[in-house]
>>> print(open('entry.cif').read())   # mmCIF, C-alpha atoms and all ligand atoms
data_entry
loop_
_atom_site.label_atom_id
_atom_site.label_comp_id
_atom_site.auth_asym_id
_atom_site.auth_seq_id
_atom_site.Cartn_x
_atom_site.Cartn_y
_atom_site.Cartn_z
CA ILE B 1 -56.08 -87.74 -78.77
CA SER B 2 -53.99 -88.33 -75.72
CA LEU B 3 -52.96 -91.81 -74.84
CA PRO B 4 -51.49 -93.03 -71.58
CA PRO B 5 -47.74 -93.61 -71.60
CA ARG B 6 -46.74 -97.13 -72.54
CA LEU B 7 -45.29 -99.10 -69.67
CA PRO B 8 -43.34 -102.31 -69.95
CA ILE B 9 -45.13 -105.57 -69.23
CA ARG B 10 -43.39 -107.33 -66.40
CA GLN B 11 -43.97 -110.56 -64.60
CA LEU B 12 -45.01 -109.86 -61.03
CA PRO B 13 -42.64 -110.97 -58.31
CA ALA B 14 -43.89 -114.28 -56.88
CA GLU B 15 -44.66 -112.68 -53.55
CA VAL B 16 -46.94 -110.02 -55.09
CA ALA B 17 -48.64 -112.56 -57.34
CA GLU B 18 -49.29 -114.75 -54.28
CA ARG B 19 -51.10 -112.01 -52.41
CA ILE B 20 -53.23 -111.10 -55.39
CA ALA B 21 -54.22 -114.72 -55.96
CA ALA B 22 -54.96 -115.09 -52.26
CA GLY B 23 -57.38 -112.17 -52.51
CA GLU B 24 -59.56 -114.07 -54.97
CA VAL B 25 -60.31 -116.79 -52.48
CA ILE B 26 -59.93 -114.96 -49.19
CA GLU B 27 -61.97 -111.82 -49.27
CA ARG B 28 -62.82 -111.52 -45.61
CA PRO B 29 -62.84 -113.47 -42.33
CA ALA B 30 -65.96 -115.40 -43.36
CA SER B 31 -64.10 -116.71 -46.43
CA VAL B 32 -61.42 -118.16 -44.14
CA VAL B 33 -64.03 -119.84 -41.97
CA LYS B 34 -65.77 -121.24 -45.03
CA GLU B 35 -62.59 -122.82 -46.39
CA LEU B 36 -61.55 -124.26 -43.03
CA VAL B 37 -64.99 -125.70 -42.30
CA GLU B 38 -65.11 -127.26 -45.76
CA ASN B 39 -61.71 -128.85 -45.16
CA ALA B 40 -62.94 -130.28 -41.88
CA LEU B 41 -66.03 -131.70 -43.59
CA ASP B 42 -63.92 -133.17 -46.38
CA ALA B 43 -61.77 -134.82 -43.71
CA GLY B 44 -64.88 -136.62 -42.43
CA ALA B 45 -65.18 -134.67 -39.18
CA HIS B 46 -68.18 -135.31 -36.92
CA ASP B 47 -67.37 -132.50 -34.55
CA ILE B 48 -66.33 -129.02 -35.75
CA ARG B 49 -65.57 -126.17 -33.40
CA VAL B 50 -65.11 -122.61 -34.59
CA GLU B 51 -63.76 -119.82 -32.45
CA ILE B 52 -63.65 -116.16 -33.52
CA ARG B 53 -62.12 -113.09 -31.93
CA ASP B 54 -62.41 -109.50 -33.15
CA GLY B 55 -64.65 -110.52 -36.01
CA GLY B 56 -61.96 -112.98 -37.10
CA LEU B 57 -59.24 -110.41 -37.69
CA ARG B 58 -57.49 -111.29 -34.47
CA LEU B 59 -58.22 -115.00 -34.38
CA ILE B 60 -60.04 -117.69 -36.28
CA ARG B 61 -59.69 -121.24 -35.03
CA VAL B 62 -61.34 -124.29 -36.53
CA SER B 63 -60.84 -127.66 -34.84
CA ASP B 64 -62.07 -130.96 -36.15
CA ASP B 65 -61.97 -134.66 -35.38
CA GLY B 66 -61.38 -135.66 -38.98
CA GLN B 67 -58.74 -137.92 -40.45
CA GLY B 68 -55.86 -135.53 -39.83
CA ILE B 69 -52.69 -134.84 -41.83
CA PRO B 70 -49.43 -136.79 -41.47
CA GLU B 71 -46.53 -134.66 -40.25
CA GLU B 72 -44.60 -135.00 -43.49
CA ASP B 73 -47.53 -133.46 -45.40
CA LEU B 74 -48.09 -130.37 -43.28
CA GLU B 75 -45.96 -128.06 -45.40
CA ARG B 76 -47.34 -129.43 -48.62
CA ALA B 77 -50.87 -128.80 -47.38
CA CYS B 78 -49.98 -125.11 -47.12
CA ALA B 79 -48.42 -124.89 -50.57
CA ARG B 80 -50.30 -123.54 -53.56
CA HIS B 81 -52.07 -126.02 -55.83
CA SER B 82 -51.53 -128.91 -53.46
CA THR B 83 -54.50 -131.11 -52.80
CA SER B 84 -55.29 -134.66 -51.88
CA LYS B 85 -58.74 -134.37 -53.48
CA ILE B 86 -58.20 -134.50 -57.21
CA VAL B 87 -55.42 -135.86 -59.37
CA ARG B 88 -56.53 -135.15 -62.93
CA VAL B 89 -58.92 -132.78 -64.60
CA GLU B 90 -61.51 -135.52 -65.23
CA ASP B 91 -61.89 -135.86 -61.47
CA LEU B 92 -63.78 -132.55 -61.55
CA GLU B 93 -66.68 -134.34 -63.22
CA HIS B 94 -67.42 -136.51 -60.24
CA LEU B 95 -66.30 -134.48 -57.28
CA GLN B 96 -67.16 -135.93 -53.91
CA THR B 97 -65.47 -133.23 -51.87
CA LEU B 98 -66.17 -129.57 -51.19
CA GLY B 99 -62.57 -128.59 -51.90
CA PHE B 100 -60.46 -129.39 -54.92
CA ARG B 101 -58.36 -126.35 -55.85
CA GLY B 102 -55.63 -126.88 -53.31
CA GLU B 103 -55.41 -123.15 -52.74
CA ALA B 104 -57.19 -122.32 -49.53
CA LEU B 105 -54.52 -123.01 -46.92
CA ALA B 106 -51.84 -121.42 -49.13
CA SER B 107 -53.98 -118.34 -49.71
CA ILE B 108 -54.81 -117.92 -46.05
CA ALA B 109 -51.20 -118.46 -45.00
CA ALA B 110 -50.08 -115.81 -47.53
CA VAL B 111 -52.08 -113.11 -45.76
CA SER B 112 -51.94 -114.13 -42.09
CA GLU B 113 -50.11 -116.21 -39.54
CA LEU B 114 -51.49 -119.70 -39.85
CA THR B 115 -50.78 -122.60 -37.53
CA LEU B 116 -51.69 -126.04 -38.75
CA LEU B 117 -51.75 -128.64 -35.99
CA SER B 118 -52.76 -132.16 -36.85
CA ARG B 119 -52.69 -135.74 -35.73
CA PRO B 120 -53.59 -138.35 -38.32
CA ILE B 121 -56.05 -141.04 -37.35
CA GLU B 122 -53.48 -143.78 -38.13
CA SER B 123 -51.18 -142.56 -35.40
CA GLU B 124 -53.97 -142.84 -32.86
CA LYS B 125 -54.92 -146.29 -34.09
CA ARG B 126 -51.37 -147.51 -33.59
CA GLY B 127 -51.88 -146.39 -30.02
CA GLN B 128 -48.50 -144.74 -30.04
CA GLU B 129 -47.52 -141.86 -27.90
CA GLU B 130 -46.74 -139.86 -31.03
CA PRO B 131 -47.74 -136.31 -30.41
CA ALA B 132 -49.43 -134.20 -33.03
CA ALA B 133 -47.21 -132.01 -35.19
CA TRP B 134 -47.66 -128.36 -36.05
CA ILE B 135 -46.21 -125.75 -38.35
CA THR B 136 -46.66 -121.98 -38.40
CA VAL B 137 -46.60 -120.16 -41.72
CA ARG B 138 -46.58 -116.37 -41.72
CA GLY B 139 -46.99 -114.39 -44.94
CA GLY B 140 -46.25 -117.59 -46.84
CA GLU B 141 -43.00 -118.38 -44.98
CA LEU B 142 -42.55 -121.27 -42.61
CA VAL B 143 -41.54 -119.66 -39.31
CA GLN B 144 -41.83 -122.38 -36.66
CA ARG B 145 -42.68 -126.00 -36.05
CA GLY B 146 -43.15 -128.33 -33.13
CA HIS B 147 -45.12 -131.11 -31.46
CA ARG B 148 -47.78 -131.40 -28.83
CA ALA B 149 -50.35 -133.92 -27.66
CA ARG B 150 -53.91 -134.07 -28.99
CA PRO B 151 -56.42 -136.64 -30.20
CA HIS B 152 -56.73 -137.28 -33.94
CA GLY B 153 -57.95 -134.41 -36.07
CA THR B 154 -56.82 -130.98 -37.13
CA THR B 155 -56.80 -127.48 -35.69
CA VAL B 156 -56.11 -124.50 -37.88
CA THR B 157 -55.46 -121.19 -36.14
CA VAL B 158 -55.36 -118.02 -38.19
CA ARG B 159 -54.05 -114.87 -36.55
CA GLU B 160 -53.63 -111.31 -37.81
CA LEU B 161 -55.57 -111.84 -40.99
CA PHE B 162 -54.57 -109.36 -43.74
CA TYR B 163 -51.71 -107.95 -41.64
CA ASN B 164 -49.71 -107.60 -44.86
CA VAL B 165 -52.57 -106.41 -47.09
CA PRO B 166 -53.47 -102.99 -45.71
CA ALA B 167 -55.76 -102.25 -48.67
CA ARG B 168 -57.91 -105.26 -47.80
CA LEU B 169 -57.92 -104.46 -44.11
CA LYS B 170 -59.45 -101.06 -44.89
CA PHE B 171 -62.44 -102.75 -46.48
CA MET B 172 -63.31 -104.76 -43.39
CA ARG B 173 -66.48 -103.71 -41.68
CA SER B 174 -66.89 -103.73 -37.93
CA ALA B 175 -65.99 -106.86 -35.96
CA ARG B 176 -69.71 -107.24 -35.32
CA SER B 177 -70.64 -107.27 -38.95
CA GLU B 178 -67.85 -109.70 -39.89
CA ALA B 179 -68.95 -111.95 -37.02
CA GLY B 180 -72.52 -111.72 -38.27
CA GLN B 181 -71.46 -113.08 -41.64
CA ILE B 182 -69.63 -115.93 -39.98
CA LEU B 183 -72.72 -116.79 -37.96
CA GLN B 184 -74.83 -116.89 -41.15
CA LEU B 185 -72.28 -119.12 -42.77
CA LEU B 186 -72.30 -121.58 -39.89
CA TYR B 187 -76.10 -121.70 -39.96
CA ARG B 188 -75.81 -122.85 -43.52
CA TYR B 189 -73.24 -125.56 -42.86
CA ALA B 190 -75.05 -126.77 -39.75
CA ALA B 191 -78.27 -127.07 -41.77
CA GLY B 192 -76.38 -128.75 -44.59
CA TYR B 193 -74.66 -131.32 -42.38
CA PRO B 194 -77.06 -132.37 -39.63
CA SER B 195 -74.89 -135.34 -38.72
CA VAL B 196 -72.01 -133.07 -37.78
CA ARG B 197 -71.92 -131.43 -34.39
CA PHE B 198 -71.13 -127.72 -34.79
CA ASN B 199 -70.14 -125.21 -32.21
CA LEU B 200 -69.42 -121.56 -32.92
CA SER B 201 -68.07 -119.19 -30.34
CA ILE B 202 -67.71 -115.52 -31.13
CA GLU B 203 -65.85 -113.27 -28.70
CA GLU B 204 -66.00 -116.13 -26.17
CA GLN B 205 -69.76 -116.49 -26.41
CA SER B 206 -71.24 -119.69 -27.77
CA LEU B 207 -73.71 -118.57 -30.43
CA LEU B 208 -74.54 -121.73 -32.27
CA GLN B 209 -74.64 -125.37 -31.29
CA THR B 210 -76.00 -128.43 -32.96
CA SER B 211 -75.95 -131.95 -31.62
CA GLY B 212 -75.00 -133.78 -34.82
CA SER B 213 -78.06 -136.02 -34.46
CA GLY B 214 -78.24 -136.61 -38.21
CA ASP B 215 -81.83 -135.41 -38.32
CA LEU B 216 -82.34 -132.20 -40.31
CA ALA B 217 -85.49 -131.25 -38.38
CA ILE B 218 -83.61 -131.53 -35.09
CA ALA B 219 -80.73 -129.48 -36.46
CA LEU B 220 -83.13 -126.75 -37.57
CA ALA B 221 -84.93 -126.78 -34.24
CA GLU B 222 -81.55 -126.39 -32.53
CA LEU B 223 -80.43 -123.62 -34.85
CA TYR B 224 -83.60 -121.59 -34.75
CA ARG B 225 -84.47 -122.56 -31.18
CA LEU B 226 -87.86 -123.75 -32.25
CA PRO B 227 -90.01 -125.41 -29.65
CA LEU B 228 -92.34 -126.82 -32.29
CA ALA B 229 -91.28 -129.26 -34.94
CA GLU B 230 -94.71 -128.90 -36.57
CA LEU B 231 -93.60 -125.49 -37.80
CA LEU B 232 -91.43 -127.30 -40.29
CA ILE B 233 -93.17 -128.96 -43.21
CA PRO B 234 -91.18 -131.79 -44.75
CA ILE B 235 -90.68 -131.88 -48.47
CA GLU B 236 -89.55 -134.95 -50.38
CA VAL B 237 -89.76 -135.26 -54.15
CA THR B 238 -88.07 -137.60 -56.58
CA ASP B 239 -88.64 -136.99 -60.26
CA GLU B 240 -88.34 -139.38 -63.20
CA GLU B 241 -84.84 -138.17 -64.02
CA GLY B 242 -83.40 -139.11 -60.68
CA ILE B 243 -83.50 -135.64 -59.21
CA ARG B 244 -84.23 -135.74 -55.52
CA ILE B 245 -85.40 -132.79 -53.44
CA PHE B 246 -85.67 -133.05 -49.69
CA GLY B 247 -85.72 -130.71 -46.76
CA TYR B 248 -88.08 -128.48 -44.85
CA VAL B 249 -90.30 -125.59 -45.68
CA GLY B 250 -90.88 -123.35 -42.69
CA ASN B 251 -94.41 -122.49 -41.72
CA ARG B 252 -95.16 -118.88 -42.48
CA VAL B 253 -94.98 -117.92 -38.83
CA LEU B 254 -91.28 -118.47 -39.30
CA ALA B 255 -91.07 -115.82 -42.02
CA GLN B 256 -87.81 -113.94 -41.88
CA PRO B 257 -86.89 -110.34 -42.64
CA ASN B 258 -84.22 -111.35 -45.15
CA ARG B 259 -83.33 -113.97 -47.71
CA GLN B 260 -80.54 -115.54 -45.73
CA HIS B 261 -82.73 -118.37 -44.52
CA VAL B 262 -83.54 -119.68 -47.95
CA MET B 263 -80.81 -122.27 -48.02
CA LEU B 264 -80.08 -124.45 -50.94
CA PHE B 265 -77.64 -127.34 -51.11
CA ILE B 266 -76.71 -129.10 -54.27
CA ASN B 267 -75.14 -132.49 -53.67
CA GLY B 268 -74.28 -131.35 -50.16
CA ARG B 269 -72.60 -128.14 -51.26
CA PRO B 270 -74.19 -124.91 -50.00
CA VAL B 271 -74.77 -122.84 -53.11
CA GLN B 272 -76.21 -119.54 -54.08
CA VAL B 273 -78.00 -119.89 -57.37
CA ARG B 274 -80.12 -116.84 -57.86
CA ALA B 275 -82.64 -118.37 -60.24
CA LEU B 276 -83.26 -121.33 -57.93
CA GLN B 277 -83.48 -119.18 -54.83
CA GLU B 278 -86.11 -117.07 -56.58
CA ALA B 279 -87.94 -120.15 -57.78
CA LEU B 280 -88.21 -121.38 -54.19
CA GLU B 281 -89.55 -118.07 -52.99
CA ALA B 282 -91.97 -117.96 -55.90
CA GLY B 283 -93.55 -121.17 -54.66
CA TYR B 284 -93.97 -119.59 -51.25
CA ARG B 285 -94.75 -116.01 -52.24
CA PRO B 286 -98.56 -116.04 -52.04
CA LEU B 287 -98.32 -116.81 -48.33
CA LEU B 288 -96.01 -114.01 -47.36
CA ALA B 289 -96.38 -110.35 -46.62
CA LYS B 290 -94.22 -107.99 -48.59
CA GLY B 291 -90.63 -107.86 -47.47
CA ARG B 292 -90.88 -111.22 -45.67
CA HIS B 293 -88.98 -114.27 -46.76
CA PRO B 294 -89.45 -117.92 -45.95
CA LEU B 295 -87.31 -120.19 -43.88
CA LEU B 296 -86.58 -122.91 -46.37
CA VAL B 297 -83.86 -125.50 -46.30
CA LEU B 298 -83.65 -127.70 -49.32
CA HIS B 299 -81.22 -130.30 -50.50
CA LEU B 300 -81.06 -131.08 -54.16
CA GLN B 301 -79.47 -134.32 -55.23
CA LEU B 302 -78.45 -134.30 -58.88
CA PRO B 303 -76.28 -136.59 -60.95
CA ALA B 304 -72.74 -135.17 -60.57
CA GLN B 305 -72.37 -134.47 -64.28
CA GLU B 306 -75.28 -132.00 -64.10
CA VAL B 307 -73.26 -129.67 -61.89
CA ASP B 308 -70.10 -127.70 -62.55
CA ALA B 309 -68.65 -126.32 -59.32
CA ASN B 310 -65.49 -125.08 -60.98
CA VAL B 311 -66.88 -121.64 -61.83
CA HIS B 312 -65.81 -119.30 -59.10
CA PRO B 313 -62.96 -119.54 -56.57
CA ALA B 314 -65.37 -119.41 -53.64
CA LYS B 315 -67.39 -122.24 -55.23
CA THR B 316 -70.74 -120.90 -54.00
CA GLU B 317 -71.80 -120.37 -57.58
CA VAL B 318 -72.31 -123.45 -59.63
CA ARG B 319 -73.32 -123.96 -63.20
CA LEU B 320 -76.26 -126.27 -63.77
CA ARG B 321 -77.07 -128.02 -66.94
CA ARG B 322 -80.83 -127.74 -66.57
CA GLU B 323 -81.37 -124.71 -64.43
CA ARG B 324 -84.74 -123.78 -65.98
CA GLU B 325 -86.30 -127.20 -65.45
CA LEU B 326 -84.97 -127.32 -61.93
CA ALA B 327 -86.43 -123.90 -61.15
CA THR B 328 -89.87 -125.01 -62.32
CA LEU B 329 -89.61 -128.22 -60.34
CA LEU B 330 -88.68 -126.32 -57.18
CA THR B 331 -91.54 -123.84 -57.48
CA ARG B 332 -94.00 -126.65 -58.08
CA SER B 333 -92.71 -128.80 -55.25
CA VAL B 334 -92.83 -126.02 -52.68
CA ARG B 335 -96.30 -124.99 -53.75
CA ALA B 336 -97.52 -128.59 -53.59
CA VAL B 337 -96.41 -129.20 -50.00
CA LEU B 338 -97.81 -125.87 -48.87
CA GLU B 339 -101.18 -126.68 -50.42
CA ARG B 340 -101.26 -130.08 -48.77
CA SER B 341 -100.28 -128.86 -45.33
CA PRO B 342 -103.11 -127.99 -42.93
CA ALA B 343 -104.15 -124.41 -42.32
CA LEU B 344 -101.39 -122.76 -40.41
CA PRO B 345 -101.49 -120.06 -37.78
CA ALA B 346 -100.99 -116.57 -39.14
CA GLU B 347 -97.69 -114.83 -38.86
CA SER B 348 -98.92 -112.39 -36.22
CA THR B 349 -99.42 -115.15 -33.65
CA TRP B 350 -95.67 -115.76 -33.46
CA PRO B 351 -93.91 -113.75 -30.76
P1 LIG S 401 -58.25 -128.37 -51.02
O1 LIG S 401 -59.25 -128.41 -49.92
O2 LIG S 401 -58.79 -127.73 -52.26
O3 LIG S 401 -57.61 -129.69 -51.29
P2 LIG S 401 -56.70 -126.76 -49.16
O4 LIG S 401 -55.62 -125.77 -49.36
O5 LIG S 401 -57.93 -126.30 -48.50
O6 LIG S 401 -57.05 -127.39 -50.57
O7 LIG S 401 -56.10 -127.99 -48.34
C1 LIG S 401 -54.96 -128.67 -48.85
C2 LIG S 401 -54.91 -130.11 -48.39
O8 LIG S 401 -54.64 -130.14 -46.97
C3 LIG S 401 -56.21 -130.87 -48.54
O9 LIG S 401 -56.32 -131.44 -49.84
C4 LIG S 401 -56.11 -131.92 -47.45
O10 LIG S 401 -55.37 -133.04 -47.87
C5 LIG S 401 -55.32 -131.22 -46.36
N1 LIG S 401 -56.21 -130.66 -45.31
C6 LIG S 401 -56.56 -129.35 -45.15
N2 LIG S 401 -57.36 -129.19 -44.07
C7 LIG S 401 -57.53 -130.42 -43.53
C8 LIG S 401 -58.25 -130.92 -42.38
N3 LIG S 401 -58.97 -130.10 -41.60
N4 LIG S 401 -58.17 -132.25 -42.13
C9 LIG S 401 -57.45 -133.07 -42.93
N5 LIG S 401 -56.75 -132.66 -44.01
C10 LIG S 401 -56.78 -131.35 -44.32
MG MG S 402 -60.00 -126.76 -48.97
#
>>> encode(input="entry.cif", output="structure tokens")
Amino acid sequence: ISLPPRLPIRQLPAEVAERIAAGEVIERPASVVKELVENALDAGAHDIRVEIRDGGLRLIRVSDDGQGIPEEDLERACARHSTSKIVRVEDLEHLQTLGFRGEALASIAAVSELTLLSRPIESEKRGQEEPAAWITVRGGELVQRGHRARPHGTTVTVRELFYNVPARLKFMRSARSEAGQILQLLYRYAAGYPSVRFNLSIEEQSLLQTSGSGDLAIALAELYRLPLAELLIPIEVTDEEGIRIFGYVGNRVLAQPNRQHVMLFINGRPVQVRALQEALEAGYRPLLAKGRHPLLVLHLQLPAQEVDANVHPAKTEVRLRRERELATLLTRSVRAVLERSPALPAESTWP
């Protein structure tokens, strides 16, 4: 038998380790947008603007009107394992925020040129002329800092994503396809947070806008440009164990060619849980032609200890204590509202 030569085990230089770790969280431009939008939501933003150029490889900019970051914390915000969201491991059991790993800004800044510009809400309240502060971190190194005026909130600008990770750059699809993923992602957050006003511009074209009315039906009408609210059937279920399901089931004329419009949120977090996604479709299946998928936006409110979000760096997968029971409940609930709703026009009548 031939064995490979034995090589010494060495600790990776910090800089190499950084880039590898960054790759776990930041796979592509859409992962950057996801992390930045989640930070804006965690900061309590009501208005989130996203701007993309060249599918995000040239520029990603996310601006919010959230609580902002004090100047003395800007560098810390970009350091690995630095977070304001948890202090001890027990905090993971009752997470109220989307973020908690304290890795996103550090990971992004390790593989791009990131500018973090922020003005904390306190500075505005004091009514001082204090300008906002900014820092630029490139490949993990602080390269510049300064001040400029702006209202409270934060703007993160990411340029030249993956400039120092050529292997990753090679895996990027066309700007169009990367932009398409970002658009899908924003649909999900806009449907998940109807009280936040979202605006997405891709290659200088505004492709998505919601008003932040707080009403999920209005947000969906804005997103899908629906003239008719009656195409959305409300669903609202509370079971004995305190599980609450609410949202909208799209009329079958809204059937979609792919699964991307089956959106599930658990305690406000957009998640992809295969078994639950399938359970939702199963409730709907009898109404759909083959290869068609429903438009379905459901929020699931569960006691925090039922959910473990600390499974995967991207946090879209979660572990659920009672996944089976939940799946059954979802299928039953969707079927029940569909049976109760009046006869609906057939799919072919929709343009
Ligand atoms: P995490 O979100 O897991 O805490 P991040 O690296 O994404 O880690 O962010 C680090 C810290 O920077 C956050 O905990 C937060 O205090 C601050 N921060 C990041 N983005 C924003 C923002 N848009 N508004 C206010 N604070 C922010
Ligand atoms: Mg974060």
>>> closest_residue(input="entry.cif", among="B:Arg324, B:Arg6, B:Arg126, B:Arg138", to="His152 (chain B)", atoms="only C-alpha atoms")
B:Arg126
>>> residues_near_ligand(input="entry.cif", ligand="ligand LIG 401 (chain S)", cutoff="7 Å", atoms="only C-alpha atoms and all ligand atoms", output="number ranges by chain")
B: 35-36, 39-40, 43, 64, 66-69, 77-78, 82-85, 99-106, 153-155
>>> atom_distance(input="entry.cif", atom1="CA of Ser211 (chain B)", atom2="CA of Ser195 (chain B)")
7.9 Å
>>> residues_around(input="entry.cif", residues="region 291-307 of chain B", least_positions_apart="6", cutoff="7 Å", atoms="all atoms listed in the file", output="PDB file with C-alpha atoms, keeping the file's coordinate frame")
ATOM      1  CA  GLU B  93     -66.680-134.340 -63.220  1.00  0.00           C
ATOM      2  CA  HIS B  94     -67.420-136.510 -60.240  1.00  0.00           C
ATOM      3  CA  ILE B 243     -83.500-135.640 -59.210  1.00  0.00           C
ATOM      4  CA  ARG B 244     -84.230-135.740 -55.520  1.00  0.00           C
ATOM      5  CA  ILE B 245     -85.400-132.790 -53.440  1.00  0.00           C
ATOM      6  CA  PHE B 246     -85.670-133.050 -49.690  1.00  0.00           C
ATOM      7  CA  GLY B 247     -85.720-130.710 -46.760  1.00  0.00           C
ATOM      8  CA  TYR B 248     -88.080-128.480 -44.850  1.00  0.00           C
ATOM      9  CA  VAL B 249     -90.300-125.590 -45.680  1.00  0.00           C
ATOM     10  CA  GLY B 250     -90.880-123.350 -42.690  1.00  0.00           C
ATOM     11  CA  ARG B 252     -95.160-118.880 -42.480  1.00  0.00           C
ATOM     12  CA  LEU B 254     -91.280-118.470 -39.300  1.00  0.00           C
ATOM     13  CA  ALA B 255     -91.070-115.820 -42.020  1.00  0.00           C
ATOM     14  CA  GLN B 256     -87.810-113.940 -41.880  1.00  0.00           C
ATOM     15  CA  PRO B 257     -86.890-110.340 -42.640  1.00  0.00           C
ATOM     16  CA  ASN B 258     -84.220-111.350 -45.150  1.00  0.00           C
ATOM     17  CA  ARG B 259     -83.330-113.970 -47.710  1.00  0.00           C
ATOM     18  CA  HIS B 261     -82.730-118.370 -44.520  1.00  0.00           C
ATOM     19  CA  VAL B 262     -83.540-119.680 -47.950  1.00  0.00           C
ATOM     20  CA  MET B 263     -80.810-122.270 -48.020  1.00  0.00           C
ATOM     21  CA  LEU B 264     -80.080-124.450 -50.940  1.00  0.00           C
ATOM     22  CA  PHE B 265     -77.640-127.340 -51.110  1.00  0.00           C
ATOM     23  CA  ILE B 266     -76.710-129.100 -54.270  1.00  0.00           C
ATOM     24  CA  ASN B 267     -75.140-132.490 -53.670  1.00  0.00           C
ATOM     25  CA  VAL B 318     -72.310-123.450 -59.630  1.00  0.00           C
ATOM     26  CA  ARG B 319     -73.320-123.960 -63.200  1.00  0.00           C
ATOM     27  CA  LEU B 320     -76.260-126.270 -63.770  1.00  0.00           C
ATOM     28  CA  ARG B 321     -77.070-128.020 -66.940  1.00  0.00           C
TER      29      ARG B 321
END
>>> residues_around(input="entry.cif", residues="Arg19 (chain B)", least_positions_apart="3", cutoff="12 Å", atoms="all atoms listed in the file", output="list of chain:residue names")
B:Leu12, B:Pro13, B:Ala14, B:Glu15, B:Val16, B:Ala22, B:Gly23, B:Glu24, B:Val25, B:Ile26, B:Glu27, B:Arg80, B:Glu103, B:Ala106, B:Ser107, B:Ile108, B:Ala109, B:Ala110, B:Val111, B:Ser112, B:Gly139, B:Gly140, B:Phe162, B:Tyr163, B:Asn164, B:Val165, B:Pro166, B:Ala167, B:Arg168
>>> atom_distance(input="entry.cif", atom1="CA of Glu75 (chain B)", atom2="CA of Ile182 (chain B)")
27.1 Å
>>> atom_distance(input="entry.cif", atom1="CA of Leu223 (chain B)", atom2="CA of Gly192 (chain B)")
11.7 Å
>>> closest_residue(input="entry.cif", among="B:Ala336, B:Ile9, B:Val158, B:Leu114", to="Leu57 (chain B)", atoms="only C-alpha atoms")
B:Val158
>>> residues_around(input="entry.cif", residues="Ala327 (chain B)", least_positions_apart="3", cutoff="6 Å", atoms="all atoms listed in the file", output="short mmCIF file (atom, residue, chain, number, x, y, z; two decimals) with C-alpha atoms, keeping the file's coordinate frame")
data_model
loop_
_atom_site.label_atom_id
_atom_site.label_comp_id
_atom_site.auth_asym_id
_atom_site.auth_seq_id
_atom_site.Cartn_x
_atom_site.Cartn_y
_atom_site.Cartn_z
CA LEU B 276 -83.26 -121.33 -57.93
CA ALA B 279 -87.94 -120.15 -57.78
CA ARG B 324 -84.74 -123.78 -65.98
CA LEU B 330 -88.68 -126.32 -57.18
#
